Structures are given as structure tokens and as C-alpha cells.
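Asker: Sharing a structure with you now.
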Amino acid sequence: MAIAPGRTGYLYHETYFWHNAGHVQSFDKHIEAWRHWENPETKRRMHNLVAVSGLLDKVKHLKPRPATTEELARVHCPAYIQRVYEMSADDSKGYHTAGDVATFAPGGYRIAAMAAGGAIEAMEAVLGGEVRNAYALVRPPGHHAERDNGMGFCIFNNVAVAAAHALEVHGLRRVAVVDFDVHHGNGTQHMFESDPRVLFISLHQDSNYPLRSGYVTETGVGPGEGTTVNVPLPPGSGSGAYKTAFTRVVLPALEVFQPELLLVSAGYDASYMDNLAAMILSSADFGWMMSKLVEAAEALCGGRLVALHEGGYSELYVPFCGLAALEAMSGVKTEVQDPWLEEVASWGYQELQSHQEAVVTAAEKVLDKLRAVVAREGTDGAVPGR
């Protein structure tokens, strides 16, 4: 799928790299101070590779802005927003805690609001026709953040803020979110699990983070029953498992739902080099997944796709995975070659295993529930144009 040069937006800002989650340290538990997993280097190095590759010169640069409290309050409790604001203003501590492993330094509210606002601006550029699709290299990530607390390195839920903005401001009736971060997007799921206007699909490592979250049996609540699709793949899943999940669950679900906008929570922690998961994907796999999502967006919603950077903790490998995804979105293949691609592609068990297929088969059954929702809610079959 060829995309005209400059028709892919790219949003980043130096502010994002100033988010400080602190250090991992506990003298009582004999943990020497160590740089936090969610540090700036993975995303800074990805941005540097995008620049060195020449791709930075072939995308349209987008500027972020802070999300307003009203925009944040569409998915977060006002009391939580105020709590983060007040903690951020307190510079008497080195860092503050918004929830389970969700820490930030003084002033962090402004950075987190800039990440959520960046998600909105990237989406606005797509919905307004300024670009055909957009990649937002935002930080901190967002998909774990719940309505009333932060979680898993996330302060505000960037993708949920963007989805809610699309629904409430632009009046879209069907928004899809595909989350291929290796950790379950619990916050996004909970924010929309009762809303039939939002399809949420998550491919993640089973029983990683959060614990007891993201089971196949979690399919939505009330009127949203059937619009949550979880594919909790077993540890050790590789190219075959992910491609099977895409072809048998993700892409058919999108076809059934007929979204007017496709949002992607793009995390690269399912790579074989990541230290917070146990999957074995390569950069080529991430490029393949993004290319399929671009094709789906072109077929279903006039190409309107916005990818928001989530996790990924290998400073060495995230840049190659993210570049592959951005190449797929822009249709521009750079001269950069993944120096480890041949190695990881040659690993054993990259092909689909029987216990992995069993999970995909179970997730496929949720599609019948999704069809029932679509039949009840109805669609007009219109595909937004340019």
C-alpha cells in the first residue's frame, strides 16, 4: 500500500523525553538503584533513527498541545486529574505516585497532559484531512491508566482521550482501538467496555501485566458485550502466533465493526529483546502488523489511522521496531536494515504452535457476539472519504 510522501503525520516533542519516572531501588529488598524501565532512551533513540534514516524528512511534522481538564475528564475522574495536578505542583519530593508503578517527577502533569493532547492533535490532523494517517511518539504511555488512578507507567490514558474526543467532538459512531503492546490495555478496556461505539482489541502476553486481566472471557459489559476482544497469547509466542491472531481475529473483527477511525496502541515490548515480557517478535513482525492495519484502515475508513506509542523497553531494539511500523504507515522504505532480523527470524518456535492456536480459536468465538452488537446497533456502511 503506497502512501504519498508527506501524507503521514509524525508527532513528537522534546517535552516527552523530560518525563522522569524515577529509579527502581529498595535497600530493604537489596535492589541497588537502577534506571527505570520507562526511561527516555527507547523513544529518543527511535526518534534519532527516524531522523538518521531520512524518513523524518518525508513525513509531515505535527505539533502537540496539552490536553485540557475537560478533555481529560471525558475518561478520567475530575478528582484524579486534580490529584495529579496537585502532586505535580509539589516539588518537595523527587517523584510522586499516581497509582501502581505509575510515578512522575514534579511538573509531570504538564508532560502527561501534553502526551494526551498530542494524541488529540494527531487525530485531528487525520480527521481534518491534513494527513492520511499519523504516528504520535508520545510519553508517558497511557493504556494502563484507569479512570481514577494511574497504572503501569501510565498517568493519563492517551488513546482513550483521543477516542472520547472523536466520539464527543466529531460525532463519530464507531471507533476501533487495536492494542498490540505485550501488556493488556486494561485501562482502555475498562473505559469503553460498556460502550458499543468502541471496539477494543488487545493482543498481549497472557498473565503478564496486569495480573488477572485480559482474559478471552472479558468481552464487554451490558450494551458493550461483544465489543471487547482479548487475545492473551502464551509466553514464547512469535511471528506465527501473531499473524494467525491478526488474520483470524483482528482483521475480521475490524471488518465486522466497520470503524470510522482506527486507533492503534503501538507497544514494542513483544520483541525478542524486551526485558518485561517473554515474546519473540522481530521488527519485521511489527512492520507486518502495522501494514495490515493500514490496509484495513484504507479499506474501511478512508485510511484514517492514528498510532500512539505505548511500551517497549529495549533501548537497542525498539528503534528498529518503531521505524518498521512508521515505514509501513508512510509507505517509505528506508535504507535501514535490522542487524538482528536474520537471527530472531531463525529462532525455533516462530511458527504457530498448537497451544497458541487454541487461544486464537477461543478468541474467534467472540466475533459472533460482535456481529450481534453490530446487527443491533446498525451501520450505514458509509466509508468516510477525503
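The chains in the C-alpha cells are called A, B, ... from first to last as shown; in each chain the residues are counted from 1, and the ligands are counted from 1 in the order shown.
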Report the residues of region 219-383 of chain A whose backbone DSSP state falls under strand (DSSP E or B), written as a list in words.

Answerer: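 Strand (DSSP E or B) members of region 219-383 of chain A, listed: Thr228, Val229, Asn230, Val231, Pro232, Leu233, Leu261, Leu262, Leu263, Val264, Ser265, Ala266, Ser271, Leu281, Leu305, Val306, Ala307, Leu308 and His309 of chain A.
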
Asker: Could you list, as an MDAnalysis selection string, every residue within 12 Å of region 72-78 of chain A, counting only C-alpha atoms and ignoring same-chain residues fewer than 6 positions away?

Answerer: chainID A and resid 66 84:85 109 112:117 119:120 142:143 145:150 155:169 187:192

Asker: Just write the chosen residues, N, CA and C atoms, as a tab-separated table (two decimals), in the first residue's frame.

Answerer:
chain	number	residue	atom	x	y	z
A	66	PRO	N	-1.08	20.66	25.27
A	66	PRO	CA	-1.61	19.98	26.45
A	66	PRO	C	-3.11	19.74	26.32
A	84	VAL	N	-3.42	14.54	40.49
A	84	VAL	CA	-2.17	14.54	39.73
A	84	VAL	C	-1.64	15.96	39.61
A	85	TYR	N	-2.54	16.91	39.37
A	85	TYR	CA	-2.14	18.32	39.24
A	85	TYR	C	-1.49	18.82	40.54
A	109	TYR	N	2.61	16.60	35.51
A	109	TYR	CA	1.25	16.78	34.99
A	109	TYR	C	1.28	17.40	33.60
A	112	ALA	N	2.35	14.81	31.00
A	112	ALA	CA	1.31	13.81	30.76
A	112	ALA	C	0.14	14.43	29.98
A	113	ALA	N	-0.21	15.66	30.31
A	113	ALA	CA	-1.28	16.34	29.58
A	113	ALA	C	-0.85	16.61	28.14
A	114	MET	N	0.45	16.87	27.92
A	114	MET	CA	0.96	17.08	26.57
A	114	MET	C	0.89	15.78	25.75
A	115	ALA	N	1.11	14.65	26.42
A	115	ALA	CA	1.00	13.36	25.72
A	115	ALA	C	-0.44	13.12	25.29
A	116	ALA	N	-1.39	13.35	26.19
A	116	ALA	CA	-2.80	13.16	25.85
A	116	ALA	C	-3.24	14.16	24.79
A	117	GLY	N	-2.78	15.41	24.91
A	117	GLY	CA	-3.10	16.41	23.90
A	117	GLY	C	-2.46	16.11	22.57
A	119	ALA	N	-2.06	13.13	21.41
A	119	ALA	CA	-2.93	12.11	20.81
A	119	ALA	C	-4.11	12.78	20.10
A	120	ILE	N	-4.69	13.79	20.74
A	120	ILE	CA	-5.81	14.51	20.13
A	120	ILE	C	-5.36	15.22	18.86
A	142	GLY	N	0.02	5.34	27.95
A	142	GLY	CA	-1.28	5.60	28.55
A	142	GLY	C	-2.23	4.45	28.76
A	143	HIS	N	-2.06	3.31	28.07
A	143	HIS	CA	-3.16	2.34	28.00
A	143	HIS	C	-3.49	1.62	29.31
A	145	ALA	N	-3.65	3.32	32.29
A	145	ALA	CA	-4.27	4.29	33.21
A	145	ALA	C	-5.78	4.08	33.27
A	146	GLU	N	-6.30	4.00	34.51
A	146	GLU	CA	-7.73	3.81	34.75
A	146	GLU	C	-8.40	5.16	34.94
A	147	ARG	N	-9.72	5.14	35.13
A	147	ARG	CA	-10.46	6.38	35.32
A	147	ARG	C	-9.97	7.17	36.52
A	148	ASP	N	-9.66	6.46	37.60
A	148	ASP	CA	-9.38	7.16	38.85
A	148	ASP	C	-7.98	6.94	39.40
A	149	ASN	N	-7.10	6.37	38.61
A	149	ASN	CA	-5.71	6.24	39.05
A	149	ASN	C	-4.81	5.85	37.89
A	150	GLY	N	-3.53	6.19	38.05
A	150	GLY	CA	-2.55	5.77	37.08
A	150	GLY	C	-2.15	4.33	37.32
A	155	ILE	N	0.01	7.68	33.21
A	155	ILE	CA	-0.65	8.69	34.04
A	155	ILE	C	-2.05	8.99	33.49
A	156	PHE	N	-2.14	9.45	32.26
A	156	PHE	CA	-3.42	9.65	31.58
A	156	PHE	C	-3.49	8.69	30.39
A	157	ASN	N	-4.70	8.25	30.08
A	157	ASN	CA	-4.86	7.25	29.03
A	157	ASN	C	-4.98	7.96	27.67
A	158	ASN	N	-3.86	8.06	26.99
A	158	ASN	CA	-3.79	8.85	25.75
A	158	ASN	C	-4.76	8.37	24.68
A	159	VAL	N	-4.77	7.07	24.42
A	159	VAL	CA	-5.62	6.56	23.36
A	159	VAL	C	-7.10	6.70	23.71
A	160	ALA	N	-7.44	6.57	25.00
A	160	ALA	CA	-8.83	6.73	25.42
A	160	ALA	C	-9.27	8.19	25.30
A	161	VAL	N	-8.36	9.12	25.64
A	161	VAL	CA	-8.67	10.55	25.49
A	161	VAL	C	-8.96	10.86	24.02
A	162	ALA	N	-8.16	10.29	23.12
A	162	ALA	CA	-8.36	10.53	21.68
A	162	ALA	C	-9.67	9.93	21.21
A	163	ALA	N	-9.96	8.70	21.65
A	163	ALA	CA	-11.20	8.04	21.23
A	163	ALA	C	-12.42	8.82	21.72
A	164	ALA	N	-12.39	9.25	22.97
A	164	ALA	CA	-13.52	10.01	23.52
A	164	ALA	C	-13.70	11.33	22.78
A	165	HIS	N	-12.60	11.96	22.40
A	165	HIS	CA	-12.67	13.22	21.65
A	165	HIS	C	-13.32	12.98	20.28
A	166	ALA	N	-12.96	11.88	19.64
A	166	ALA	CA	-13.55	11.56	18.34
A	166	ALA	C	-15.04	11.34	18.45
A	167	LEU	N	-15.46	10.68	19.52
A	167	LEU	CA	-16.89	10.40	19.72
A	167	LEU	C	-17.68	11.65	20.07
A	168	GLU	N	-17.17	12.43	21.02
A	168	GLU	CA	-17.94	13.54	21.57
A	168	GLU	C	-17.83	14.82	20.75
A	169	VAL	N	-16.67	15.09	20.19
A	169	VAL	CA	-16.46	16.34	19.45
A	169	VAL	C	-16.80	16.16	17.97
A	187	GLY	N	-6.77	-0.31	31.11
A	187	GLY	CA	-7.44	0.98	31.28
A	187	GLY	C	-8.35	1.30	30.12
A	188	THR	N	-7.85	1.11	28.90
A	188	THR	CA	-8.67	1.37	27.72
A	188	THR	C	-9.89	0.47	27.70
A	189	GLN	N	-9.69	-0.80	28.02
A	189	GLN	CA	-10.81	-1.73	28.05
A	189	GLN	C	-11.89	-1.27	29.03
A	190	HIS	N	-11.49	-0.93	30.25
A	190	HIS	CA	-12.47	-0.57	31.26
A	190	HIS	C	-13.22	0.72	30.92
A	191	MET	N	-12.54	1.64	30.25
A	191	MET	CA	-13.19	2.91	29.92
A	191	MET	C	-14.28	2.77	28.87
A	192	PHE	N	-14.18	1.72	28.04
A	192	PHE	CA	-15.14	1.59	26.94
A	192	PHE	C	-15.88	0.25	26.91

Asker: Report, in Å with one decimal, the straight-line distance from CA of Ser282 (chain A) to CA of Arg132 (chain A).

Answerer: 26.3 Å

Asker: Kindly give the distance, in Å, that separates CA of Tyr12 (chain A) and CA of Gly118 (chain A), rounded to a single decimal.

Answerer: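 Distance between the two atoms: 7.9 Å.
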
Asker: May I have the residues within 7 Å of region 259-262 of chain A as a PyMOL selection string, using only C-alpha atoms and disregarding those fewer than 6 positions away in the same chain?

Answerer: chain A and resi 172+174-177+297+300-301+304-306+384

Asker: Which residue is closest to Ala266 (chain A)? Choose from A:Leu326, A:Gly214, A:Val231, A:Tyr317 and count only C-alpha atoms.

Answerer: A:Leu326

Asker: So how far away is CA of Phe180 (chain A) from CA of Gly312 (chain A), in Å?

Answerer: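 Result for CA of Gly312 (chain A) versus CA of Phe180 (chain A): 10.9 Å, one decimal.
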